[in-house]
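Below is the file final.cif, which contains mmCIF, C-alpha atoms and all ligand atoms.
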```cif
data_target
loop_
_atom_site.label_atom_id
_atom_site.label_comp_id
_atom_site.auth_asym_id
_atom_site.auth_seq_id
_atom_site.Cartn_x
_atom_site.Cartn_y
_atom_site.Cartn_z
CA MET A 1 -16.40 58.02 -62.43
CA LEU A 2 -19.16 58.40 -59.86
CA GLY A 3 -19.94 55.46 -57.58
CA ILE A 4 -23.23 55.05 -55.77
CA ILE A 5 -23.49 53.08 -52.55
CA GLY A 6 -27.04 51.92 -52.00
CA GLY A 7 -28.20 51.55 -48.40
CA SER A 8 -31.36 50.06 -46.88
CA GLY A 9 -34.12 50.00 -49.49
CA LEU A 10 -31.82 50.76 -52.45
CA TYR A 11 -30.36 47.53 -53.81
CA ASN A 12 -30.30 48.34 -57.54
CA LEU A 13 -30.46 51.21 -60.00
CA GLU A 14 -33.63 49.98 -61.72
CA GLU A 15 -33.93 52.61 -64.43
CA PHE A 16 -30.28 52.71 -65.48
CA LYS A 17 -28.85 50.70 -68.35
CA LEU A 18 -26.70 47.88 -66.98
CA THR A 19 -23.45 47.61 -68.97
CA GLY A 20 -21.40 45.23 -66.80
CA SER A 21 -21.29 43.38 -63.53
CA PHE A 22 -18.10 42.58 -61.60
CA SER A 23 -17.68 40.07 -58.84
CA LEU A 24 -14.40 41.24 -57.32
CA ASN A 25 -12.08 40.03 -54.64
CA THR A 26 -9.91 42.69 -53.00
CA PRO A 27 -6.88 42.65 -50.67
CA PHE A 28 -9.44 43.67 -48.02
CA GLY A 29 -11.81 40.79 -48.67
CA LYS A 30 -14.95 40.31 -50.70
CA PRO A 31 -17.30 43.28 -51.13
CA SER A 32 -20.90 42.91 -49.98
CA SER A 33 -22.17 42.76 -53.56
CA GLU A 34 -21.14 42.79 -57.18
CA VAL A 35 -20.15 46.16 -58.60
CA LYS A 36 -22.61 47.03 -61.35
CA LEU A 37 -21.57 49.38 -64.11
CA CYS A 38 -24.50 51.37 -65.41
CA GLU A 39 -25.12 54.18 -67.85
CA TYR A 40 -27.55 57.05 -67.78
CA GLU A 41 -27.70 59.54 -70.65
CA GLY A 42 -24.19 58.61 -71.71
CA ARG A 43 -22.69 59.03 -68.23
CA LYS A 44 -21.24 56.01 -66.50
CA VAL A 45 -21.79 55.16 -62.85
CA ALA A 46 -20.82 52.22 -60.67
CA PHE A 47 -23.24 50.83 -58.11
CA ILE A 48 -22.66 48.67 -55.05
CA SER A 49 -25.21 47.48 -52.51
CA ARG A 50 -23.95 48.07 -48.97
CA HIS A 51 -26.05 45.36 -47.37
CA GLY A 52 -25.72 42.93 -50.28
CA GLU A 53 -28.14 40.44 -51.77
CA GLY A 54 -31.23 40.00 -49.60
CA HIS A 55 -29.89 42.60 -47.13
CA SER A 56 -27.62 39.95 -45.63
CA TYR A 57 -24.79 42.16 -44.21
CA PRO A 58 -25.72 43.86 -40.92
CA PRO A 59 -24.18 47.33 -40.35
CA HIS A 60 -21.36 46.14 -38.07
CA LEU A 61 -20.30 43.41 -40.54
CA VAL A 62 -20.39 45.36 -43.81
CA PRO A 63 -16.97 44.97 -45.49
CA TYR A 64 -16.50 48.73 -45.81
CA ARG A 65 -12.85 48.55 -46.89
CA ALA A 66 -13.55 45.93 -49.57
CA ASN A 67 -16.53 47.87 -50.91
CA LEU A 68 -14.60 51.09 -51.42
CA TRP A 69 -11.59 49.25 -52.77
CA ALA A 70 -13.82 47.47 -55.31
CA LEU A 71 -15.21 50.84 -56.41
CA ARG A 72 -11.65 52.15 -56.75
CA GLU A 73 -10.73 49.15 -58.89
CA VAL A 74 -13.44 49.92 -61.45
CA GLY A 75 -12.31 53.55 -61.65
CA VAL A 76 -14.51 55.36 -59.14
CA ASN A 77 -13.08 58.58 -57.71
CA ARG A 78 -16.28 60.15 -56.35
CA VAL A 79 -18.91 58.48 -54.20
CA LEU A 80 -22.47 59.32 -53.30
CA ALA A 81 -23.82 57.12 -50.52
CA VAL A 82 -27.53 56.80 -49.78
CA SER A 83 -28.36 56.09 -46.15
CA ALA A 84 -31.48 55.81 -44.02
CA VAL A 85 -31.19 57.70 -40.73
CA GLY A 86 -33.19 58.48 -37.63
CA SER A 87 -33.63 62.16 -36.79
CA ILE A 88 -32.34 63.60 -33.54
CA ASN A 89 -32.79 67.23 -34.58
CA ARG A 90 -36.48 68.05 -34.06
CA ASP A 91 -36.61 70.17 -37.24
CA TYR A 92 -35.82 67.12 -39.38
CA LYS A 93 -38.94 65.13 -40.32
CA PRO A 94 -39.42 61.66 -41.82
CA GLY A 95 -38.98 61.85 -45.58
CA ASP A 96 -36.61 64.86 -45.43
CA PHE A 97 -33.20 64.64 -47.06
CA VAL A 98 -30.09 65.71 -45.16
CA LEU A 99 -26.70 66.57 -46.68
CA VAL A 100 -24.56 66.06 -43.59
CA ASP A 101 -21.29 67.94 -43.17
CA SER A 102 -19.63 66.27 -40.17
CA PHE A 103 -19.81 63.13 -38.09
CA LEU A 104 -19.54 61.70 -34.60
CA ASP A 105 -18.16 58.16 -34.47
CA PHE A 106 -19.69 55.85 -31.89
CA THR A 107 -18.77 52.60 -33.60
CA LYS A 108 -16.75 50.01 -31.73
CA GLU A 109 -15.32 47.19 -33.74
CA ARG A 110 -14.80 48.22 -37.34
CA ALA A 111 -11.68 48.27 -39.47
CA SER A 112 -11.63 52.00 -40.11
CA THR A 113 -8.34 52.60 -41.93
CA TYR A 114 -6.41 51.12 -44.84
CA TYR A 115 -3.11 52.34 -43.42
CA GLU A 116 -1.84 49.92 -40.80
CA GLY A 117 1.85 50.73 -41.00
CA ARG A 118 3.99 47.59 -40.98
CA PHE A 119 0.76 45.55 -40.94
CA SER A 120 -0.62 47.15 -44.13
CA LYS A 121 -1.83 44.96 -46.99
CA LYS A 122 0.33 44.91 -50.12
CA VAL A 123 -1.58 46.01 -53.18
CA GLU A 124 -1.17 46.42 -56.92
CA GLY A 125 -0.77 49.80 -58.54
CA ASN A 126 1.66 52.68 -58.42
CA ASP A 127 -0.31 55.66 -57.24
CA GLU A 128 0.13 57.38 -53.86
CA VAL A 129 -2.33 55.08 -52.10
CA ALA A 130 -0.49 51.97 -53.32
CA ARG A 131 2.88 53.47 -52.37
CA LEU A 132 1.76 54.27 -48.82
CA LEU A 133 0.37 50.76 -48.37
CA ASN A 134 3.28 48.95 -49.97
CA GLU A 135 5.85 50.96 -48.01
CA GLY A 136 3.93 50.28 -44.79
CA LYS A 137 3.45 53.94 -43.93
CA VAL A 138 1.46 55.36 -41.04
CA VAL A 139 -1.04 57.95 -42.28
CA HIS A 140 -3.22 60.45 -40.40
CA ILE A 141 -5.76 62.09 -42.69
CA ASP A 142 -7.47 65.37 -41.95
CA VAL A 143 -11.27 65.16 -41.64
CA SER A 144 -12.06 68.82 -41.03
CA GLU A 145 -14.31 68.62 -44.10
CA PRO A 146 -15.03 64.90 -44.50
CA TYR A 147 -17.97 65.26 -46.89
CA CYS A 148 -17.11 66.64 -50.34
CA PRO A 149 -18.20 70.30 -50.50
CA GLN A 150 -18.57 70.23 -54.29
CA ILE A 151 -20.85 67.17 -54.34
CA ARG A 152 -22.89 68.56 -51.43
CA LYS A 153 -23.34 71.88 -53.18
CA GLU A 154 -24.26 70.41 -56.55
CA LEU A 155 -26.58 67.87 -54.92
CA SER A 156 -28.29 70.66 -52.96
CA GLU A 157 -28.90 72.50 -56.24
CA VAL A 158 -30.54 69.38 -57.65
CA LEU A 159 -32.74 68.93 -54.56
CA ARG A 160 -33.78 72.58 -54.70
CA LYS A 161 -34.62 72.31 -58.40
CA LEU A 162 -36.74 69.23 -57.72
CA GLY A 163 -38.57 71.06 -54.91
CA LEU A 164 -37.70 68.43 -52.31
CA GLU A 165 -37.43 69.15 -48.58
CA PHE A 166 -33.80 69.00 -47.45
CA HIS A 167 -31.35 70.27 -44.84
CA TYR A 168 -27.97 71.57 -45.98
CA GLY A 169 -25.72 70.43 -43.19
CA GLY A 170 -25.98 68.37 -40.07
CA VAL A 171 -23.94 66.08 -37.87
CA TYR A 172 -24.22 62.37 -38.61
CA VAL A 173 -23.82 60.11 -35.59
CA CYS A 174 -22.76 56.57 -36.40
CA THR A 175 -23.66 53.94 -33.81
CA GLU A 176 -22.46 50.35 -33.84
CA GLY A 177 -25.86 48.68 -34.09
CA PRO A 178 -27.40 46.44 -35.09
CA ARG A 179 -29.80 47.43 -32.32
CA PHE A 180 -31.44 50.83 -32.31
CA GLU A 181 -30.37 53.33 -29.65
CA SER A 182 -31.82 53.71 -26.18
CA VAL A 183 -33.74 56.87 -25.27
CA ALA A 184 -30.87 57.84 -22.95
CA GLU A 185 -28.33 57.43 -25.76
CA ILE A 186 -30.33 59.69 -28.07
CA LYS A 187 -30.61 62.31 -25.29
CA MET A 188 -26.82 62.18 -24.92
CA LEU A 189 -26.23 62.35 -28.68
CA GLU A 190 -28.57 65.35 -28.94
CA LYS A 191 -26.55 67.15 -26.24
CA LEU A 192 -23.35 66.35 -28.14
CA GLY A 193 -24.64 68.03 -31.28
CA GLY A 194 -25.87 65.08 -33.36
CA ASP A 195 -28.63 65.77 -35.90
CA VAL A 196 -29.18 62.35 -37.44
CA VAL A 197 -28.21 58.83 -36.44
CA GLY A 198 -27.38 55.81 -38.56
CA MET A 199 -25.27 52.66 -38.37
CA THR A 200 -23.34 52.65 -41.66
CA GLY A 201 -21.92 56.08 -42.45
CA TYR A 202 -18.69 55.39 -40.58
CA PRO A 203 -16.01 54.30 -41.49
CA GLU A 204 -17.23 54.61 -45.10
CA VAL A 205 -16.65 58.37 -45.14
CA VAL A 206 -13.05 58.22 -43.89
CA LEU A 207 -12.09 55.19 -45.96
CA ALA A 208 -13.18 57.03 -49.11
CA ARG A 209 -11.09 59.99 -48.03
CA GLU A 210 -8.07 57.78 -47.40
CA LEU A 211 -8.37 56.71 -51.04
CA THR A 212 -8.59 60.42 -52.05
CA MET A 213 -12.14 59.93 -53.29
CA CYS A 214 -14.80 62.58 -52.93
CA TYR A 215 -17.58 61.28 -50.67
CA ALA A 216 -20.98 62.66 -49.76
CA SER A 217 -24.00 61.16 -48.14
CA LEU A 218 -27.62 61.59 -49.13
CA CYS A 219 -29.31 60.83 -45.81
CA VAL A 220 -33.00 60.08 -45.83
CA VAL A 221 -34.83 60.56 -42.54
CA ALA A 222 -36.74 57.34 -42.03
CA ASN A 223 -37.96 57.83 -38.45
CA PRO A 224 -37.62 60.09 -35.44
CA ALA A 225 -34.87 58.57 -33.25
CA ALA A 226 -35.71 56.70 -30.03
CA GLY A 227 -37.60 58.88 -27.59
CA ILE A 228 -38.04 61.72 -30.11
CA SER A 229 -41.36 60.15 -30.99
CA GLN A 230 -43.21 57.96 -28.52
CA ASN A 231 -43.40 54.97 -30.88
CA ARG A 232 -41.08 52.00 -30.63
CA LEU A 233 -38.70 51.66 -33.58
CA THR A 234 -39.02 48.94 -36.19
CA SER A 235 -37.11 47.93 -39.30
CA ASP A 236 -40.49 47.87 -41.06
CA GLU A 237 -40.84 51.60 -40.47
CA VAL A 238 -37.34 52.30 -41.84
CA ILE A 239 -37.68 50.10 -44.94
CA GLY A 240 -41.28 51.30 -45.49
CA LEU A 241 -40.21 54.95 -45.51
CA MET A 242 -37.31 54.19 -47.88
CA LYS A 243 -39.74 52.39 -50.22
CA ASN A 244 -41.97 55.49 -50.14
CA ARG A 245 -39.04 57.66 -51.15
CA GLU A 246 -37.71 55.20 -53.75
CA LYS A 247 -39.04 57.16 -56.75
CA ASP A 248 -37.70 60.46 -55.42
CA ILE A 249 -34.30 58.92 -54.70
CA GLU A 250 -34.09 57.54 -58.22
CA THR A 251 -35.09 60.94 -59.66
CA ILE A 252 -32.45 62.67 -57.52
CA LEU A 253 -29.75 60.24 -58.65
CA LYS A 254 -30.66 60.67 -62.32
CA GLU A 255 -30.72 64.47 -62.10
CA PHE A 256 -27.51 64.49 -60.09
CA ILE A 257 -25.66 62.32 -62.61
CA ARG A 258 -26.76 64.71 -65.34
CA TYR A 259 -25.85 67.79 -63.31
CA LEU A 260 -22.54 66.86 -61.64
CA SER A 261 -19.56 68.84 -63.02
CA GLU A 262 -16.98 66.68 -64.76
CA SER A 263 -14.04 68.28 -62.99
CA ARG A 264 -13.31 68.00 -59.29
CA THR A 265 -12.87 71.51 -57.90
CA CYS A 266 -12.75 70.46 -54.21
CA GLY A 267 -9.70 69.47 -52.17
CA CYS A 268 -10.62 65.80 -51.65
CA LYS A 269 -8.08 64.53 -54.15
CA ASN A 270 -5.33 66.10 -52.01
CA ALA A 271 -6.42 64.39 -48.79
CA LEU A 272 -3.10 62.53 -48.49
CA GLU A 273 -0.90 65.61 -48.74
CA GLY A 274 1.06 65.94 -45.53
CA ALA A 275 -0.74 62.98 -43.99
CA GLU A 276 2.14 60.51 -44.06
CA VAL A 277 4.33 60.24 -40.97
N1 LIG B 1 -30.98 54.68 -35.48
C1 LIG B 1 -29.92 54.12 -36.11
N2 LIG B 1 -29.94 53.84 -37.41
C2 LIG B 1 -31.04 54.14 -38.12
C3 LIG B 1 -32.17 54.72 -37.51
C4 LIG B 1 -32.13 55.00 -36.11
O1 LIG B 1 -33.10 55.50 -35.52
N3 LIG B 1 -33.10 54.87 -38.50
C5 LIG B 1 -32.53 54.42 -39.65
N4 LIG B 1 -31.29 53.97 -39.42
#
```

Please re-express this file's structure in structure tokens.
Ligand code: HPA
Amino acid sequence: MLGIIGGSGLYNLEEFKLTGSFSLNTPFGKPSSEVKLCEYEGRKVAFISRHGEGHSYPPHLVPYRANLWALREVGVNRVLAVSAVGSINRDYKPGDFVLVDSFLDFTKERASTYYEGRFSKKVEGNDEVARLLNEGKVVHIDVSEPYCPQIRKELSEVLRKLGLEFHYGGVYVCTEGPRFESVAEIKMLEKLGGDVVGMTGYPEVVLARELTMCYASLCVVANPAAGISQNRLTSDEVIGLMKNREKDIETILKEFIRYLSESRTCGCKNALEGAEV
């Protein structure tokens, strides 16, 4: 089943039929919101709000591990995350969509793996993930292609069909936040090859991969990053832009759910092969 992680400005799937709501507790703590099971044209999706009720979880305190584990518990094996970003690349304009294909991690204090060797949590289940955790294994996953190529491709076909402006590829820089970046930081990140900057895309992407889920991110450019435009940055600008794009995002999600192939033809499900020490 597909799971959708809603970021800033996307707290619900308004036009989907709600079929169940789960308040879960996981071995990795409580997720930031309930997991909502929804249906659209006979296809089931699960939804979780990254920032929770009333946007009460700041980026550095989002329980990323619990959120993905909760999605796993309801049967999610593919994830599409929606995230507001600032643009570093000068060709990317507010309102554009970006299907990023790699990341730079500039976070500082986040639990970014499930696999903590002898310190791993014990969990229920008997799949490979549960075995690695319960046996206390050390695991190094490959992130040469961290964003699912199949989801990115099919999502790009949907965006093209809808006639929406998008960029197929780009490097996502994740900063710790919750403050915005300085002008000097953005200059540095531009030199390092970053195209967009956000505060929540990492460790979400690698945690999903550790659970052998497919994961892709629909980034929405909300503002030019610090110093790219002369204006100071505000949360109002970010949330305002996301509100403007709300209808388009909902249309994309509906079309995507209809369009996504049932079978997984990518390699994401094999992410743990050869990863165990
Ligand atoms: N920086 C970091 N995160 C963001 C930005 C930004 O400029 N815009 C939206 N999320």

Requested in this report: Could you pull out the residues sitting within 8 Å of ligand LIG 1 (chain B), using all atoms listed in the file, and write them as a PyMOL selection string?
Outcome: chain A and resi 83-87+174-175+177+179-181+197-200+221-226+233+235+238

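With all atoms listed in the file taken into account, the protein and nucleic acid residues at most 10 Å from range 16-20 of chain A (excluding it and anything under 3 positions from it in its own chain) are Asn12, Leu13, Glu34, Val35, Lys36, Leu37, Cys38, Glu39, Tyr40, Glu41, Gly42, Lys44, Val45, Ala46, Phe47, Glu250 and Lys254 of chain A.
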
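For the pair CA of Leu192 in chain A and CA of Leu104 in chain A, the interatomic distance is 8.8 Å.
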
Requested in this report: Using all atoms listed in the file, pick whichever of A:Val98, A:Ile249, A:Val138, A:Ile257 has the shortest atom-to-atom distance to Gly170 in chain A.
Outcome: A:Val98

Compile the contact shell of range 145-155 of chain A as a PDB file with C-alpha atoms, in the coordinates of the input: residues with an atom at most 9 Å away, counting all atoms listed in the file, same-chain residues fewer than 3 positions apart removed.
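Produced file selection_19.pdb, reproduced below:
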```
ATOM      1  CA  ARG A  78     -16.280  60.150 -56.350  1.00  0.00           C
ATOM      2  CA  VAL A  79     -18.910  58.480 -54.200  1.00  0.00           C
ATOM      3  CA  LEU A  80     -22.470  59.320 -53.300  1.00  0.00           C
ATOM      4  CA  LEU A  99     -26.700  66.570 -46.680  1.00  0.00           C
ATOM      5  CA  VAL A 100     -24.560  66.060 -43.590  1.00  0.00           C
ATOM      6  CA  ASP A 101     -21.290  67.940 -43.170  1.00  0.00           C
ATOM      7  CA  SER A 102     -19.630  66.270 -40.170  1.00  0.00           C
ATOM      8  CA  PHE A 103     -19.810  63.130 -38.090  1.00  0.00           C
ATOM      9  CA  ASP A 142      -7.470  65.370 -41.950  1.00  0.00           C
ATOM     10  CA  VAL A 158     -30.540  69.380 -57.650  1.00  0.00           C
ATOM     11  CA  LEU A 159     -32.740  68.930 -54.560  1.00  0.00           C
ATOM     12  CA  ARG A 160     -33.780  72.580 -54.700  1.00  0.00           C
ATOM     13  CA  TYR A 168     -27.970  71.570 -45.980  1.00  0.00           C
ATOM     14  CA  GLY A 169     -25.720  70.430 -43.190  1.00  0.00           C
ATOM     15  CA  VAL A 205     -16.650  58.370 -45.140  1.00  0.00           C
ATOM     16  CA  VAL A 206     -13.050  58.220 -43.890  1.00  0.00           C
ATOM     17  CA  ARG A 209     -11.090  59.990 -48.030  1.00  0.00           C
ATOM     18  CA  MET A 213     -12.140  59.930 -53.290  1.00  0.00           C
ATOM     19  CA  CYS A 214     -14.800  62.580 -52.930  1.00  0.00           C
ATOM     20  CA  TYR A 215     -17.580  61.280 -50.670  1.00  0.00           C
ATOM     21  CA  ALA A 216     -20.980  62.660 -49.760  1.00  0.00           C
ATOM     22  CA  SER A 217     -24.000  61.160 -48.140  1.00  0.00           C
ATOM     23  CA  LEU A 218     -27.620  61.590 -49.130  1.00  0.00           C
ATOM     24  CA  ILE A 252     -32.450  62.670 -57.520  1.00  0.00           C
ATOM     25  CA  GLU A 255     -30.720  64.470 -62.100  1.00  0.00           C
ATOM     26  CA  PHE A 256     -27.510  64.490 -60.090  1.00  0.00           C
ATOM     27  CA  TYR A 259     -25.850  67.790 -63.310  1.00  0.00           C
ATOM     28  CA  LEU A 260     -22.540  66.860 -61.640  1.00  0.00           C
ATOM     29  CA  SER A 261     -19.560  68.840 -63.020  1.00  0.00           C
ATOM     30  CA  ARG A 264     -13.310  68.000 -59.290  1.00  0.00           C
ATOM     31  CA  THR A 265     -12.870  71.510 -57.900  1.00  0.00           C
ATOM     32  CA  CYS A 266     -12.750  70.460 -54.210  1.00  0.00           C
ATOM     33  CA  GLY A 267      -9.700  69.470 -52.170  1.00  0.00           C
ATOM     34  CA  CYS A 268     -10.620  65.800 -51.650  1.00  0.00           C
TER      35      CYS A 268
END
```

Requested in this report: Write out as a ChimeraX atom specification which residues come within 6 Å of Gly29 in chain A when counting only C-alpha atoms, dropping same-chain ones fewer than 2 positions away.
Outcome: /A:26-27,66

Kindly save the residues from that selection, with C-alpha atoms included, as a short mmCIF file (atom, residue, chain, number, x, y, z; two decimals), in the coordinates of the input.
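Saved as result-v5.cif:
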```cif
data_model
loop_
_atom_site.label_atom_id
_atom_site.label_comp_id
_atom_site.auth_asym_id
_atom_site.auth_seq_id
_atom_site.Cartn_x
_atom_site.Cartn_y
_atom_site.Cartn_z
CA THR A 26 -9.91 42.69 -53.00
CA PRO A 27 -6.88 42.65 -50.67
CA ALA A 66 -13.55 45.93 -49.57
#
```

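Between CA of Leu164 in chain A and CA of Tyr11 in chain A there is a distance of 22.2 Å.
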
Query - For Gly125 in chain A, the nearest of the candidates A:Leu10, A:Val196, A:Arg72, A:Ala275, counting all atoms listed in the file - result: A:Arg72

Report task. Work out how far CA of Glu73 in chain A is from CA of Gly3 in chain A, in Å to one decimal. Result -> 11.2 Å

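Residue nearest Gly54 in chain A, chosen from A:Asp127, A:Gln230, A:Leu272, A:Ser32 and counting all atoms listed in the file: A:Ser32.
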
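With distances restricted to all atoms listed in the file, A:Val220 is the closest residue to Phe166 in chain A from A:Ala184, A:Leu133, A:Val220, A:Leu2.
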
Requested in this report: Tell me, as a VMD selection string, which residues lie within 9 Å of Asn134 in chain A, counting all atoms listed in the file; anything in the same chain fewer than 5 positions away does not count.
Outcome: chain A and resid 120 to 124 129

For those residues, write C-alpha atoms to a file as a compact mmCIF listing (two decimals), in the coordinates of the input.
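See out.txt below for the written result:
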```txt
# COMPACT_ATOMS: atom_id res chain seq x y z
CA SER A 120 -0.62 47.15 -44.13
CA LYS A 121 -1.83 44.96 -46.99
CA LYS A 122 0.33 44.91 -50.12
CA VAL A 123 -1.58 46.01 -53.18
CA GLU A 124 -1.17 46.42 -56.92
CA VAL A 129 -2.33 55.08 -52.10
```
